[in-house]
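**Student:** The structure is given below, and queries will be raised subsequently.
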Amino acid sequence: MDRRELIARLNEILKEALINISEMPNNDILIEINKDEITSVMKTLKEGPSLKFDSLLNHLGADCKEGFAVIYNLYSFTLNQKITVKAYLGREAPEIASIESVFRGINWFERETFDMLGIRFTGHSNLKRLLLPPDWEGHPLRKDYVYPDEYHGIDNKRRSNFR
């Protein structure tokens with residue numbers, strides 16, 4: 001199946017959840033979806049007989065102009081195609097369903113995104129900090145994050161060696 005056929009097929013299969021679909025310059029297909037449909041979209045992409053996007057390559061979160069975004073990169077060995085799935089979340093209390101039930105390996109990816117950006121993944125089996133101490137306040141990858149000068153009496157001030 002070539003890319004144009006794949007885009008047409010994705011439009012047909014995901015029409016209820018799809019916000020936008022486009023080709024990216026890196027031979028990737030970008031699918032923007034309604035965040036409330038993430039679990040069903042991922043299950044369809046992974047298990048759909050004509051798709052088989054059964055390899056989760058990456059997951060990340062981003063603090064964007066539109067709010068927060070969660071991004072998933074998938075690959076289908078059957079089709080030899082990559083796709084990127086993106087969902088936007090609001091800035092206040094960003095939340096989306098965990099896709100652990102579809103891709104078990106996403107556990108730590110979701111925990112890292114929670115830790116660094118504060119995006120909550122509902123239904124996650126163990127959503128707690130991964131990289132920072134449990135009592136750390138805030139989420140360092142948010143654009144409005146203010147880095148603390150001190151943590152438990154330890155000086156945290158950033159200094160530059162360049163003058």
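Within each chain, counting starts at residue 1; across the structure tokens, chains are named A, B, ... in the order shown, with ligands numbered 1 upward in that order.
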Identify, on the basis of only C-alpha atoms, every residue whose closest approach to Tyr72 (chain A) does not exceed 7 Å; exclude the query and any residue fewer than 2 positions from it along the same chain; express the result as a ChimeraX atom specification.

**Tutor:** /A:58-60,70,74,84-86

**Student:** Could you please take those selected residues and save C-alpha atoms as a PDB file, in the first residue's frame?

**Tutor:**
ATOM      1  CA  ASN A  58       8.552   6.702  20.720  1.00  0.00           C
ATOM      2  CA  HIS A  59       6.240   8.816  22.845  1.00  0.00           C
ATOM      3  CA  LEU A  60       6.724  12.334  24.101  1.00  0.00           C
ATOM      4  CA  VAL A  70       1.180  14.115  23.329  1.00  0.00           C
ATOM      5  CA  LEU A  74       4.370   4.099  15.319  1.00  0.00           C
ATOM      6  CA  THR A  84       2.898  10.075  14.006  1.00  0.00           C
ATOM      7  CA  VAL A  85      -0.219  10.397  16.137  1.00  0.00           C
ATOM      8  CA  LYS A  86      -0.743  13.697  17.954  1.00  0.00           C
TER       9      LYS A  86
END

**Student:** Please return as JSON, numbers by chain: the residues of region 1-104 of chain A that backbone DSSP assigns to alpha helix (DSSP H).

**Tutor:** {"A": [3, 4, 5, 6, 7, 8, 9, 10, 11, 12, 13, 38, 39, 40, 41, 42, 43, 44, 45, 46, 47]}

**Student:** For the residues in that selection, give me N, CA and C atoms as a PDB file, in the first residue's frame.

**Tutor:**
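Dumped everything to part34.pdb:
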ATOM      1  N   ARG A   3       1.632   5.495   0.124  1.00  0.00           N
ATOM      2  CA  ARG A   3       1.242   6.491   1.134  1.00  0.00           C
ATOM      3  C   ARG A   3      -0.124   7.091   0.869  1.00  0.00           C
ATOM      4  N   ARG A   4      -0.429   7.383  -0.361  1.00  0.00           N
ATOM      5  CA  ARG A   4      -1.732   7.973  -0.684  1.00  0.00           C
ATOM      6  C   ARG A   4      -2.868   6.990  -0.363  1.00  0.00           C
ATOM      7  N   GLU A   5      -2.659   5.723  -0.659  1.00  0.00           N
ATOM      8  CA  GLU A   5      -3.663   4.705  -0.320  1.00  0.00           C
ATOM      9  C   GLU A   5      -3.806   4.587   1.190  1.00  0.00           C
ATOM     10  N   LEU A   6      -2.668   4.650   1.883  1.00  0.00           N
ATOM     11  CA  LEU A   6      -2.693   4.564   3.341  1.00  0.00           C
ATOM     12  C   LEU A   6      -3.445   5.754   3.940  1.00  0.00           C
ATOM     13  N   ILE A   7      -3.195   6.938   3.439  1.00  0.00           N
ATOM     14  CA  ILE A   7      -3.898   8.130   3.940  1.00  0.00           C
ATOM     15  C   ILE A   7      -5.399   7.991   3.714  1.00  0.00           C
ATOM     16  N   ALA A   8      -5.789   7.533   2.541  1.00  0.00           N
ATOM     17  CA  ALA A   8      -7.217   7.326   2.252  1.00  0.00           C
ATOM     18  C   ALA A   8      -7.810   6.290   3.199  1.00  0.00           C
ATOM     19  N   ARG A   9      -7.065   5.209   3.450  1.00  0.00           N
ATOM     20  CA  ARG A   9      -7.535   4.142   4.352  1.00  0.00           C
ATOM     21  C   ARG A   9      -7.670   4.665   5.785  1.00  0.00           C
ATOM     22  N   LEU A  10      -6.684   5.443   6.243  1.00  0.00           N
ATOM     23  CA  LEU A  10      -6.741   6.018   7.585  1.00  0.00           C
ATOM     24  C   LEU A  10      -7.915   6.981   7.720  1.00  0.00           C
ATOM     25  N   ASN A  11      -8.150   7.794   6.704  1.00  0.00           N
ATOM     26  CA  ASN A  11      -9.308   8.696   6.699  1.00  0.00           C
ATOM     27  C   ASN A  11     -10.604   7.918   6.854  1.00  0.00           C
ATOM     28  N   GLU A  12     -10.678   6.810   6.178  1.00  0.00           N
ATOM     29  CA  GLU A  12     -11.893   5.973   6.215  1.00  0.00           C
ATOM     30  C   GLU A  12     -12.071   5.308   7.581  1.00  0.00           C
ATOM     31  N   ILE A  13     -11.010   4.714   8.093  1.00  0.00           N
ATOM     32  CA  ILE A  13     -11.089   3.944   9.342  1.00  0.00           C
ATOM     33  C   ILE A  13     -11.232   4.844  10.573  1.00  0.00           C
ATOM     34  N   ILE A  38      -8.029   8.376  22.043  1.00  0.00           N
ATOM     35  CA  ILE A  38      -6.667   7.843  21.937  1.00  0.00           C
ATOM     36  C   ILE A  38      -6.604   6.321  22.049  1.00  0.00           C
ATOM     37  N   THR A  39      -7.293   5.735  22.995  1.00  0.00           N
ATOM     38  CA  THR A  39      -7.210   4.286  23.183  1.00  0.00           C
ATOM     39  C   THR A  39      -7.784   3.539  21.982  1.00  0.00           C
ATOM     40  N   SER A  40      -8.939   3.948  21.514  1.00  0.00           N
ATOM     41  CA  SER A  40      -9.546   3.244  20.376  1.00  0.00           C
ATOM     42  C   SER A  40      -8.736   3.448  19.101  1.00  0.00           C
ATOM     43  N   VAL A  41      -8.168   4.639  18.907  1.00  0.00           N
ATOM     44  CA  VAL A  41      -7.336   4.887  17.726  1.00  0.00           C
ATOM     45  C   VAL A  41      -6.101   4.003  17.758  1.00  0.00           C
ATOM     46  N   MET A  42      -5.428   3.954  18.901  1.00  0.00           N
ATOM     47  CA  MET A  42      -4.215   3.140  18.999  1.00  0.00           C
ATOM     48  C   MET A  42      -4.519   1.657  18.804  1.00  0.00           C
ATOM     49  N   LYS A  43      -5.617   1.202  19.364  1.00  0.00           N
ATOM     50  CA  LYS A  43      -6.006  -0.197  19.195  1.00  0.00           C
ATOM     51  C   LYS A  43      -6.301  -0.491  17.719  1.00  0.00           C
ATOM     52  N   THR A  44      -7.001   0.408  17.052  1.00  0.00           N
ATOM     53  CA  THR A  44      -7.302   0.236  15.626  1.00  0.00           C
ATOM     54  C   THR A  44      -6.029   0.225  14.795  1.00  0.00           C
ATOM     55  N   LEU A  45      -5.112   1.160  15.081  1.00  0.00           N
ATOM     56  CA  LEU A  45      -3.859   1.216  14.324  1.00  0.00           C
ATOM     57  C   LEU A  45      -3.015  -0.037  14.537  1.00  0.00           C
ATOM     58  N   LYS A  46      -3.002  -0.542  15.749  1.00  0.00           N
ATOM     59  CA  LYS A  46      -2.185  -1.721  16.055  1.00  0.00           C
ATOM     60  C   LYS A  46      -2.801  -3.010  15.525  1.00  0.00           C
ATOM     61  N   GLU A  47      -4.107  -3.159  15.687  1.00  0.00           N
ATOM     62  CA  GLU A  47      -4.738  -4.442  15.390  1.00  0.00           C
ATOM     63  C   GLU A  47      -5.500  -4.466  14.074  1.00  0.00           C
TER      64      GLU A  47
END

**Student:** Give me the residues within 10 Å of region 91-93 of chain A as an mmCIF file with N, CA and C atoms, in the first residue's frame, counting only C-alpha atoms and dropping any in the same chain fewer than 4 places off.

**Tutor:**
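part_12.cif, freshly written:
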data_model
loop_
_atom_site.group_PDB
_atom_site.id
_atom_site.type_symbol
_atom_site.label_atom_id
_atom_site.label_comp_id
_atom_site.auth_asym_id
_atom_site.auth_seq_id
_atom_site.Cartn_x
_atom_site.Cartn_y
_atom_site.Cartn_z
ATOM 1 N N ASP A 63 5.148 21.142 25.383
ATOM 2 C CA ASP A 63 4.447 22.351 25.789
ATOM 3 C C ASP A 63 4.426 23.254 24.562
ATOM 4 N N CYS A 64 3.269 23.397 23.946
ATOM 5 C CA CYS A 64 3.125 24.122 22.676
ATOM 6 C C CYS A 64 2.291 25.378 22.848
ATOM 7 N N LYS A 65 2.233 26.147 21.788
ATOM 8 C CA LYS A 65 1.401 27.342 21.763
ATOM 9 C C LYS A 65 -0.065 26.981 21.997
ATOM 10 N N GLU A 66 -0.508 25.844 21.453
ATOM 11 C CA GLU A 66 -1.902 25.412 21.555
ATOM 12 C C GLU A 66 -2.252 24.810 22.924
ATOM 13 N N GLY A 67 -1.289 24.608 23.770
ATOM 14 C CA GLY A 67 -1.469 23.920 25.049
ATOM 15 C C GLY A 67 -0.405 22.843 25.142
ATOM 16 N N PHE A 68 -0.784 21.680 25.598
ATOM 17 C CA PHE A 68 0.148 20.560 25.625
ATOM 18 C C PHE A 68 -0.217 19.593 24.511
ATOM 19 N N ALA A 69 0.769 18.839 24.055
ATOM 20 C CA ALA A 69 0.523 17.818 23.040
ATOM 21 C C ALA A 69 1.185 16.528 23.491
ATOM 22 N N GLY A 118 3.803 17.200 33.670
ATOM 23 C CA GLY A 118 2.595 17.200 34.488
ATOM 24 C C GLY A 118 1.355 16.719 33.759
ATOM 25 N N ILE A 119 1.521 16.046 32.626
ATOM 26 C CA ILE A 119 0.378 15.490 31.907
ATOM 27 C C ILE A 119 -0.038 14.200 32.607
ATOM 28 N N ARG A 120 -1.302 14.107 32.991
ATOM 29 C CA ARG A 120 -1.809 12.919 33.687
ATOM 30 C C ARG A 120 -2.332 11.913 32.676
#

**Student:** Report as a ChimeraX atom specification all protein, DNA and RNA residues lying within 6 Å of region 75-81 of chain A, evaluated on only C-alpha atoms, omitting residues in the same chain fewer than 5 positions from it.

**Tutor:** /A:52-55

**Student:** Which residue is closest to Glu110 (chain A)? Choose from A:Leu141, A:Ile71, A:Lys35, A:Gly90 and count only C-alpha atoms.

**Tutor:**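 Looking only at the distances to Glu110 (chain A), the closest residue turns out to be A:Ile71.
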
**Student:** Within 8 Å of Ser22 (chain A), counting only C-alpha atoms, which residues show up once you throw out same-chain ones fewer than 3 positions away? Write them as number ranges by chain, please.

**Tutor:** A: 29-31

**Student:** With N, CA and C atoms retained, could you export that selection as a tab-separated table (two decimals), in the first residue's frame?

**Tutor:**
chain	number	residue	atom	x	y	z
A	29	ILE	N	3.56	10.28	8.10
A	29	ILE	CA	2.18	10.74	8.03
A	29	ILE	C	1.81	11.21	9.43
A	30	LEU	N	1.25	12.41	9.53
A	30	LEU	CA	0.85	12.97	10.81
A	30	LEU	C	-0.67	12.88	10.93
A	31	ILE	N	-1.12	12.26	12.01
A	31	ILE	CA	-2.54	12.14	12.30
A	31	ILE	C	-2.82	12.91	13.58

**Student:** Give me every strand (DSSP E) residue in region 41-128 of chain A, going by DSSP on the backbone, as a PyMOL selection string.

**Tutor:** chain A and resi 55-64+67-76+81-89+95-97+120-122

**Student:** Would you save the residues of that selection, restricted to N, CA and C atoms, as a short mmCIF file (atom, residue, chain, number, x, y, z; two decimals), in the first residue's frame?

**Tutor:**
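The resulting result-v9.cif:
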data_model
loop_
_atom_site.label_atom_id
_atom_site.label_comp_id
_atom_site.auth_asym_id
_atom_site.auth_seq_id
_atom_site.Cartn_x
_atom_site.Cartn_y
_atom_site.Cartn_z
N SER A 55 4.39 -1.49 16.27
CA SER A 55 5.65 -1.12 16.92
C SER A 55 5.59 0.34 17.38
N LEU A 56 5.62 0.53 18.69
CA LEU A 56 5.66 1.88 19.25
C LEU A 56 7.13 2.29 19.29
N LEU A 57 7.48 3.28 18.49
CA LEU A 57 8.88 3.72 18.42
C LEU A 57 9.22 4.73 19.50
N ASN A 58 8.26 5.62 19.80
CA ASN A 58 8.55 6.70 20.72
C ASN A 58 7.25 7.35 21.20
N HIS A 59 7.34 8.01 22.32
CA HIS A 59 6.24 8.82 22.84
C HIS A 59 6.87 10.02 23.54
N LEU A 60 6.24 11.16 23.40
CA LEU A 60 6.72 12.33 24.10
C LEU A 60 5.60 13.32 24.31
N GLY A 61 5.84 14.24 25.19
CA GLY A 61 4.92 15.34 25.42
C GLY A 61 5.61 16.63 25.07
N ALA A 62 4.83 17.66 24.78
CA ALA A 62 5.40 18.96 24.43
C ALA A 62 4.51 20.07 24.96
N ASP A 63 5.15 21.14 25.38
CA ASP A 63 4.45 22.35 25.79
C ASP A 63 4.43 23.25 24.56
N CYS A 64 3.27 23.40 23.95
CA CYS A 64 3.13 24.12 22.68
C CYS A 64 2.29 25.38 22.85
N GLY A 67 -1.29 24.61 23.77
CA GLY A 67 -1.47 23.92 25.05
C GLY A 67 -0.41 22.84 25.14
N PHE A 68 -0.78 21.68 25.60
CA PHE A 68 0.15 20.56 25.62
C PHE A 68 -0.22 19.59 24.51
N ALA A 69 0.77 18.84 24.05
CA ALA A 69 0.52 17.82 23.04
C ALA A 69 1.18 16.53 23.49
N VAL A 70 0.54 15.41 23.18
CA VAL A 70 1.18 14.12 23.33
C VAL A 70 1.36 13.57 21.92
N ILE A 71 2.53 12.98 21.69
CA ILE A 71 2.92 12.54 20.36
C ILE A 71 3.42 11.11 20.44
N TYR A 72 2.94 10.29 19.52
CA TYR A 72 3.29 8.87 19.47
C TYR A 72 3.81 8.56 18.07
N ASN A 73 4.96 7.91 17.97
CA ASN A 73 5.50 7.47 16.69
C ASN A 73 5.33 5.96 16.59
N LEU A 74 4.64 5.52 15.53
CA LEU A 74 4.37 4.10 15.32
C LEU A 74 4.95 3.64 13.99
N TYR A 75 5.23 2.34 13.91
CA TYR A 75 5.75 1.76 12.68
C TYR A 75 5.02 0.46 12.37
N SER A 76 4.75 0.25 11.10
CA SER A 76 4.16 -1.00 10.64
C SER A 76 5.18 -1.74 9.78
N GLN A 81 5.79 1.44 6.87
CA GLN A 81 5.37 2.83 6.96
C GLN A 81 5.43 3.30 8.41
N LYS A 82 5.73 4.59 8.58
CA LYS A 82 5.70 5.23 9.89
C LYS A 82 4.53 6.20 9.94
N ILE A 83 3.97 6.37 11.13
CA ILE A 83 2.99 7.42 11.34
C ILE A 83 3.25 8.09 12.69
N THR A 84 2.83 9.32 12.76
CA THR A 84 2.90 10.07 14.01
C THR A 84 1.47 10.42 14.39
N VAL A 85 1.11 10.10 15.62
CA VAL A 85 -0.22 10.40 16.14
C VAL A 85 -0.05 11.50 17.18
N LYS A 86 -0.85 12.55 17.04
CA LYS A 86 -0.74 13.70 17.95
C LYS A 86 -2.13 14.06 18.48
N ALA A 87 -2.18 14.38 19.77
CA ALA A 87 -3.41 14.87 20.39
C ALA A 87 -3.06 16.08 21.24
N TYR A 88 -3.88 17.11 21.14
CA TYR A 88 -3.67 18.32 21.94
C TYR A 88 -4.52 18.26 23.21
N LEU A 89 -3.94 18.77 24.29
CA LEU A 89 -4.60 18.81 25.59
C LEU A 89 -4.66 20.26 26.05
N GLU A 95 -4.79 16.11 30.62
CA GLU A 95 -5.05 14.71 30.94
C GLU A 95 -5.48 13.97 29.68
N ILE A 96 -5.04 12.71 29.58
CA ILE A 96 -5.41 11.84 28.47
C ILE A 96 -5.34 10.40 28.99
N ALA A 97 -6.06 9.51 28.36
CA ALA A 97 -6.05 8.11 28.78
C ALA A 97 -4.69 7.47 28.49
N ARG A 120 -1.30 14.11 32.99
CA ARG A 120 -1.81 12.92 33.69
C ARG A 120 -2.33 11.91 32.68
N PHE A 121 -1.99 10.65 32.88
CA PHE A 121 -2.44 9.55 32.03
C PHE A 121 -3.41 8.70 32.85
N THR A 122 -4.70 8.89 32.62
CA THR A 122 -5.71 8.18 33.41
C THR A 122 -5.65 6.70 33.09
#

**Student:** Report, in Å to a single decimal, how far apart CA of Phe103 (chain A) and CA of Ala17 (chain A) are.

**Tutor:** 19.1 Å

**Student:** How close does each residue of region 88-117 of chain A get to region 125-133 of chain A, giving the shortest atom pair and distance in Å to one decimal for every residue with an atom at most 10 Å away, counting only C-alpha atoms, sorted by chain and residue number, as JSON lines?

**Tutor:**
{"residue": "A:Ser98", "atom": "CA", "partner": "A:Ser125", "partner_atom": "CA", "distance": 8.8}
{"residue": "A:Glu100", "atom": "CA", "partner": "A:Ser125", "partner_atom": "CA", "distance": 8.0}
{"residue": "A:Ser101", "atom": "CA", "partner": "A:Ser125", "partner_atom": "CA", "distance": 9.8}
{"residue": "A:Asn107", "atom": "CA", "partner": "A:Ser125", "partner_atom": "CA", "distance": 7.9}
{"residue": "A:Trp108", "atom": "CA", "partner": "A:Leu130", "partner_atom": "CA", "distance": 7.6}
{"residue": "A:Phe109", "atom": "CA", "partner": "A:Leu130", "partner_atom": "CA", "distance": 9.5}
{"residue": "A:Glu110", "atom": "CA", "partner": "A:Leu127", "partner_atom": "CA", "distance": 7.8}
{"residue": "A:Arg111", "atom": "CA", "partner": "A:Leu127", "partner_atom": "CA", "distance": 5.7}
{"residue": "A:Glu112", "atom": "CA", "partner": "A:Leu130", "partner_atom": "CA", "distance": 5.8}
{"residue": "A:Thr113", "atom": "CA", "partner": "A:Leu130", "partner_atom": "CA", "distance": 9.2}
{"residue": "A:Phe114", "atom": "CA", "partner": "A:Arg129", "partner_atom": "CA", "distance": 7.2}
{"residue": "A:Asp115", "atom": "CA", "partner": "A:Arg129", "partner_atom": "CA", "distance": 5.0}
{"residue": "A:Met116", "atom": "CA", "partner": "A:Leu131", "partner_atom": "CA", "distance": 8.1}
